[in-house]
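Have a look at the structure below, then the notes.
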Protein chains: 2
Amino acid sequence: MKLPFVQPKMMGEMIRRQIRAVLYHDSVSTTAELAQKTGISFPTISKTLDEMNDQGEVVLTGLGASSGGRRPKQYRLNADHMAGLAVALEKDYSSYALLNYVGEVIGREKLPGVLHDGPERLTEQIGTFVQRYPHLRALTLGVPGAVNNGRVFHIPDYEKFKNLDFKGLYEERFSLQVQVENDMNATVLGYHDRSGDDPNRSLVYLYLGQNGPGAGIMVNGDVVRGSSFFSGEVSFLPLYDSHNFSQAVQEPPSAQDGTERREKLIDAMSRLVAVFTATLNPHTVLFCSTDMTERDLADVRKGSACYVPADNLPSLLVRDWEEDYFHGLNQLTIRTMLSLGID
Amino acid sequence: MKLPFVQPKMMGEMIRRQIRAVLYHDSVSTTAELAQKTGISFPTISKTLDEMNDQGEVVLTGLGASSGGRRPKQYRLNADHMAGLAVALEKDYSSYALLNYVGEVIGREKLPGVLHDGPERLTEQIGTFVQRYPHLRALTLGVPGAVNNGRVFHIPDYEKFKNLDFKGLYEERFSLQVQVENDMNATVLGYHDRSGDDPNRSLVYLYLGQNGPGAGIMVNGDVVRGSSFFSGEVSFLPLYDSHNFSQAVQEPPSAQDGTERREKLIDAMSRLVAVFTATLNPHTVLFCSTDMTERDLADVRKGSACYVPADNLPSLLVRDWEEDYFHGLNQLTIRTMLSLGID
DNA sequence: GAAAGTAATTAAAGAACTTTAATAAGTTGG
DNA sequence: CCAACTTATTAAAGTTCTTTAATTACTTTC
């Protein structure tokens, strides 16, 4: 029996986390503001802030504007306290984003893809970053495959990465906090964070990628991974008498009228939206701008209303997939840094 | 910005909750056991337990067996501290279960259904319980309809209950803590609790009821309600070129061979399992014993393997729906009682 | 430009939990 | 049945937070 309650023993760390969270969110804050937002008394905030200042985690940036009395000290997170690296591993490129402790991208690099070459190339690339940035502490890898606790265990077409324990490997080698996430999961998470909406929404992010369609799903604010990390493999959905989603979306072998092809795609998408509505009933379904236009979406909206009552349909949005993906990876990296705290 | 952290101010109540939770789970416990299981120091447990004893929430039941030293005092929850009422509202009956503070069913009654008559009859029935059991503090209603925060807002065929705010009505009238839950949601929750498995599993509970098929869904241990409380309305799933799930399962108008009919049902079910596998990838899908036999299930298992890779399929189980439903309602009631604590 | 007002910080007192020590209550074996 | 050993309970001391009060540092106004 596990009890997920907070023990008073970890109060200290909890307090620091709350301070970090507010400081990250508001960029700069005063003792009074922190006390108000966290609900912690100001003497405790003041004391903790002093300690964090001594340890270099926060810095005093000056005094705020007065509202008729003594001017308050303003603190912010120390951007140089540590750095994090967010890496998207794609077929054609590896995208590296270097982040400071306040979440700013302080460096971005696109290097050649490593998925075909093998893990050695990746280790090499990461090695140069570790060397260049001595206060690197967190590493996030986004991969187009199924991941369980830092280990890639299903990654079609890239056999060399199969069953590779990234987390074990790089935590040992580089003494970094490492996490690995599936690309679509990172993408929904990225949208979820950027949207700023109620964090308990349910979302589905759809992508008709090169490796076949896939979806990232969040329910009640958590990423859905599934019992065998198979969630979101929508290509298998049996939506027609004798075709699944993937087959319906695919270019048919025989040359075909463009209009007819588009109609088929729209219907498949409409059915997909209907499937999610009749199961999860999510707030929003996201599509990639490479897959769908606003006009397509209007038709999908109309189409799915034929399958389920229109009142229950999610809002449909077109998004830039890469932006949300990178943002998701960055976000994961920042969260790790903020949870690490002191060195 | 809301921070869901625990404030030290509510430590006292948190401690009591943990004690209650362990005491509920283990029935009877000693100071040392409670300290060990909760991680709270034994002087604090001891002090809190004394207070709870004075307030009548726990009782001393005697001394435990010695393991070579002084015999420990044993405490348990006071069964008579308060009572709760769990009600299932079905078309043909209303099932009432009266629960004591340790979660035992101390009374069960099946009264005539009230859904056709209207809320007055229900109020009457509940009224008699309130009168008979003065320490009734919690009421849970299970209804075959969509519910939002104690208010029924979509209940096909039972117009008289539409838009009825049960929670507001009965909390005011009877000064009880009231909650209302959709029947299938209560059912998955019931199975989830009874199974005793990892609480973070994902589950789908399927029921081909009188009011059309529906499903209760849990993901990562939470019930999925959906943006418009439409989740689990699987009858609308577009699984065939020109039929949805409901139409495929329904008795066709033209007389038909029994074998053929069964085959159709099995295929529809297989597709349904495939749909959930390719979206949520749940650990388990539950079926009602009134809908499916073990033999049917074996065929569904085989059938769904045609649509998705067999490794990712959930385990399929046949369950007694009513048992899980009632258990879920009881569980909800008990949780409310335990969260209420003192009077 | 000092007096009065306002707000931030520091200091002191109080509350609640933990850790450690002391005491009380049982068991067991000769 | 009593000495030696175990274990539960009670008591005391130590932490860490909150609450309240005192002090300090500004603004504003006459």
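In the structure tokens, chains take the letters A, B, ... in the order shown, each chain's residues start at 1, and ligands count up from 1 in the order shown.
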*Do a neighbour search on segment 5-19 of chain D at 10 Å with only C-alpha atoms (C1' of nucleotides), toss out local chain neighbours closer than 6 positions, and write the hits as a ChimeraX atom specification.*
/A:8-9,11-12,40-44 /B:8-9,30-32,42-43,46,66-73 /C:13-28
_Could you list, as a ChimeraX atom specification, every residue within 10 Å of DT23 of chain D, counting only C-alpha atoms (C1' of nucleotides) and ignoring same-chain residues fewer than 3 positions away?_
/C:9-11
*Run DSSP on the backbone of this structure and report the residues of segment 233-341 of chain B it assigns to strand (DSSP E or B), as a PyMOL selection string.*
chain B and resi 238+244+284-288+315-319
Using the selection just defined, write its residues with N, CA and C atoms as a PDB file, in the first residue's frame.
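Saved result, selection06.pdb, follows:
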```pdb
ATOM      1  N   PRO B 238     -17.520   4.702 -35.557  1.00  0.00           N
ATOM      2  CA  PRO B 238     -17.695   4.310 -36.958  1.00  0.00           C
ATOM      3  C   PRO B 238     -16.719   3.187 -37.317  1.00  0.00           C
ATOM      4  N   ASN B 244     -22.180   2.022 -37.478  1.00  0.00           N
ATOM      5  CA  ASN B 244     -21.373   2.273 -36.293  1.00  0.00           C
ATOM      6  C   ASN B 244     -21.497   1.071 -35.346  1.00  0.00           C
ATOM      7  N   THR B 284      -6.568  -3.677 -19.368  1.00  0.00           N
ATOM      8  CA  THR B 284      -7.654  -4.643 -19.264  1.00  0.00           C
ATOM      9  C   THR B 284      -8.924  -4.064 -19.865  1.00  0.00           C
ATOM     10  N   VAL B 285      -9.675  -4.919 -20.540  1.00  0.00           N
ATOM     11  CA  VAL B 285     -11.020  -4.547 -20.978  1.00  0.00           C
ATOM     12  C   VAL B 285     -11.987  -5.525 -20.333  1.00  0.00           C
ATOM     13  N   LEU B 286     -12.998  -4.983 -19.683  1.00  0.00           N
ATOM     14  CA  LEU B 286     -13.964  -5.793 -18.951  1.00  0.00           C
ATOM     15  C   LEU B 286     -15.277  -5.888 -19.707  1.00  0.00           C
ATOM     16  N   PHE B 287     -15.874  -7.058 -19.679  1.00  0.00           N
ATOM     17  CA  PHE B 287     -17.176  -7.265 -20.313  1.00  0.00           C
ATOM     18  C   PHE B 287     -18.159  -7.773 -19.263  1.00  0.00           C
ATOM     19  N   CYS B 288     -19.432  -7.587 -19.511  1.00  0.00           N
ATOM     20  CA  CYS B 288     -20.431  -8.049 -18.562  1.00  0.00           C
ATOM     21  C   CYS B 288     -20.814  -9.483 -18.876  1.00  0.00           C
ATOM     22  N   SER B 315      -5.737  -7.610 -21.507  1.00  0.00           N
ATOM     23  CA  SER B 315      -6.384  -8.840 -21.069  1.00  0.00           C
ATOM     24  C   SER B 315      -7.888  -8.589 -21.029  1.00  0.00           C
ATOM     25  N   LEU B 316      -8.633  -9.584 -21.447  1.00  0.00           N
ATOM     26  CA  LEU B 316     -10.093  -9.454 -21.532  1.00  0.00           C
ATOM     27  C   LEU B 316     -10.707 -10.299 -20.420  1.00  0.00           C
ATOM     28  N   LEU B 317     -11.657  -9.715 -19.713  1.00  0.00           N
ATOM     29  CA  LEU B 317     -12.269 -10.442 -18.596  1.00  0.00           C
ATOM     30  C   LEU B 317     -13.773 -10.302 -18.632  1.00  0.00           C
ATOM     31  N   VAL B 318     -14.447 -11.351 -18.189  1.00  0.00           N
ATOM     32  CA  VAL B 318     -15.897 -11.288 -17.999  1.00  0.00           C
ATOM     33  C   VAL B 318     -16.172 -10.994 -16.536  1.00  0.00           C
ATOM     34  N   ARG B 319     -17.071 -10.061 -16.287  1.00  0.00           N
ATOM     35  CA  ARG B 319     -17.362  -9.664 -14.911  1.00  0.00           C
ATOM     36  C   ARG B 319     -18.856  -9.604 -14.664  1.00  0.00           C
TER      37      ARG B 319
END
```
*Please provide as a list of chain:residue names all residues within 7 Å of segment 146-162 of chain B, with the sequence filter that same-chain residues fewer than 3 positions apart are discarded (counting only C-alpha atoms (C1' of nucleotides)).*
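Returned residues: B:Leu115, B:His116, B:Gly118, B:Pro119, B:Asp165, B:Phe166, B:Lys167, B:Gln179, B:Val180, B:Glu181, B:Asn182, B:Phe229.
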*Give me, please, the distance in Å between atom CA of Thr61 of chain A and atom CA of Leu23 of chain A, quoted to one decimal.*
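For atom CA of Thr61 of chain A relative to atom CA of Leu23 of chain A, the distance reads 12.7 Å.
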*Find the residues around Gly107 of chain B up to 8 Å (only C-alpha atoms (C1' of nucleotides) counted), leave out those fewer than 4 positions away in its own chain, and share them as a list in words.*
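Those residues are Tyr96, Ala97, Leu98 and Leu99 of chain B.
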For the residues in that selection, give me N, CA and C atoms as a PDB file, in the first residue's frame.
```
ATOM      1  N   TYR B  96     -30.442   0.191  -2.547  1.00  0.00           N
ATOM      2  CA  TYR B  96     -29.852   0.982  -1.465  1.00  0.00           C
ATOM      3  C   TYR B  96     -28.897   0.118  -0.664  1.00  0.00           C
ATOM      4  N   ALA B  97     -27.705   0.623  -0.413  1.00  0.00           N
ATOM      5  CA  ALA B  97     -26.778  -0.063   0.477  1.00  0.00           C
ATOM      6  C   ALA B  97     -26.388   0.903   1.583  1.00  0.00           C
ATOM      7  N   LEU B  98     -26.584   0.462   2.804  1.00  0.00           N
ATOM      8  CA  LEU B  98     -26.212   1.287   3.943  1.00  0.00           C
ATOM      9  C   LEU B  98     -24.852   0.820   4.444  1.00  0.00           C
ATOM     10  N   LEU B  99     -23.936   1.752   4.587  1.00  0.00           N
ATOM     11  CA  LEU B  99     -22.550   1.398   4.944  1.00  0.00           C
ATOM     12  C   LEU B  99     -22.166   2.031   6.259  1.00  0.00           C
TER      13      LEU B  99
END
```
*Kindly determine which residues of chain B lie within 6 Å of chain A, considering only C-alpha atoms, and give the answer as a PyMOL selection string.*
chain B and resi 226-228+230-234+236-237+239-241+275+278-283+308+312
_Check: which chain D residues lie within 6 Å of chain A using only C-alpha atoms (C1' of nucleotides), as a PyMOL selection string_ = chain D and resi 25-27
*Measure the distance from atom CA of Arg295 of chain B to atom CA of Arg262 of chain B in Å and round it to one decimal.*
11.5 Å
*Quick one: pick out all alpha helix (DSSP H) residues within segment 49-275 of chain A from a backbone DSSP run and write them as a ChimeraX atom specification.*
/A:49-54,119-132,166-174,183-195,245-249,258-275
Chain C near chain A within 7 Å: what's each residue's closest atom pair and its distance in Å to one decimal, counting only C-alpha atoms (C1' of nucleotides), ordered by chain then ascending residue number, as CSV?
```
residue,atom,partner,partner_atom,distance
C:DT6,C1',A:Gly69,CA,4.6
C:DA7,C1',A:Gly69,CA,4.2
C:DA8,C1',A:Arg70,CA,5.6
```
_Selection: 7 Å around Leu136 of chain A, only C-alpha atoms (C1' of nucleotides), excl. self and same-chain fewer than 6 positions, as a ChimeraX atom specification_ = /A:82-84,130
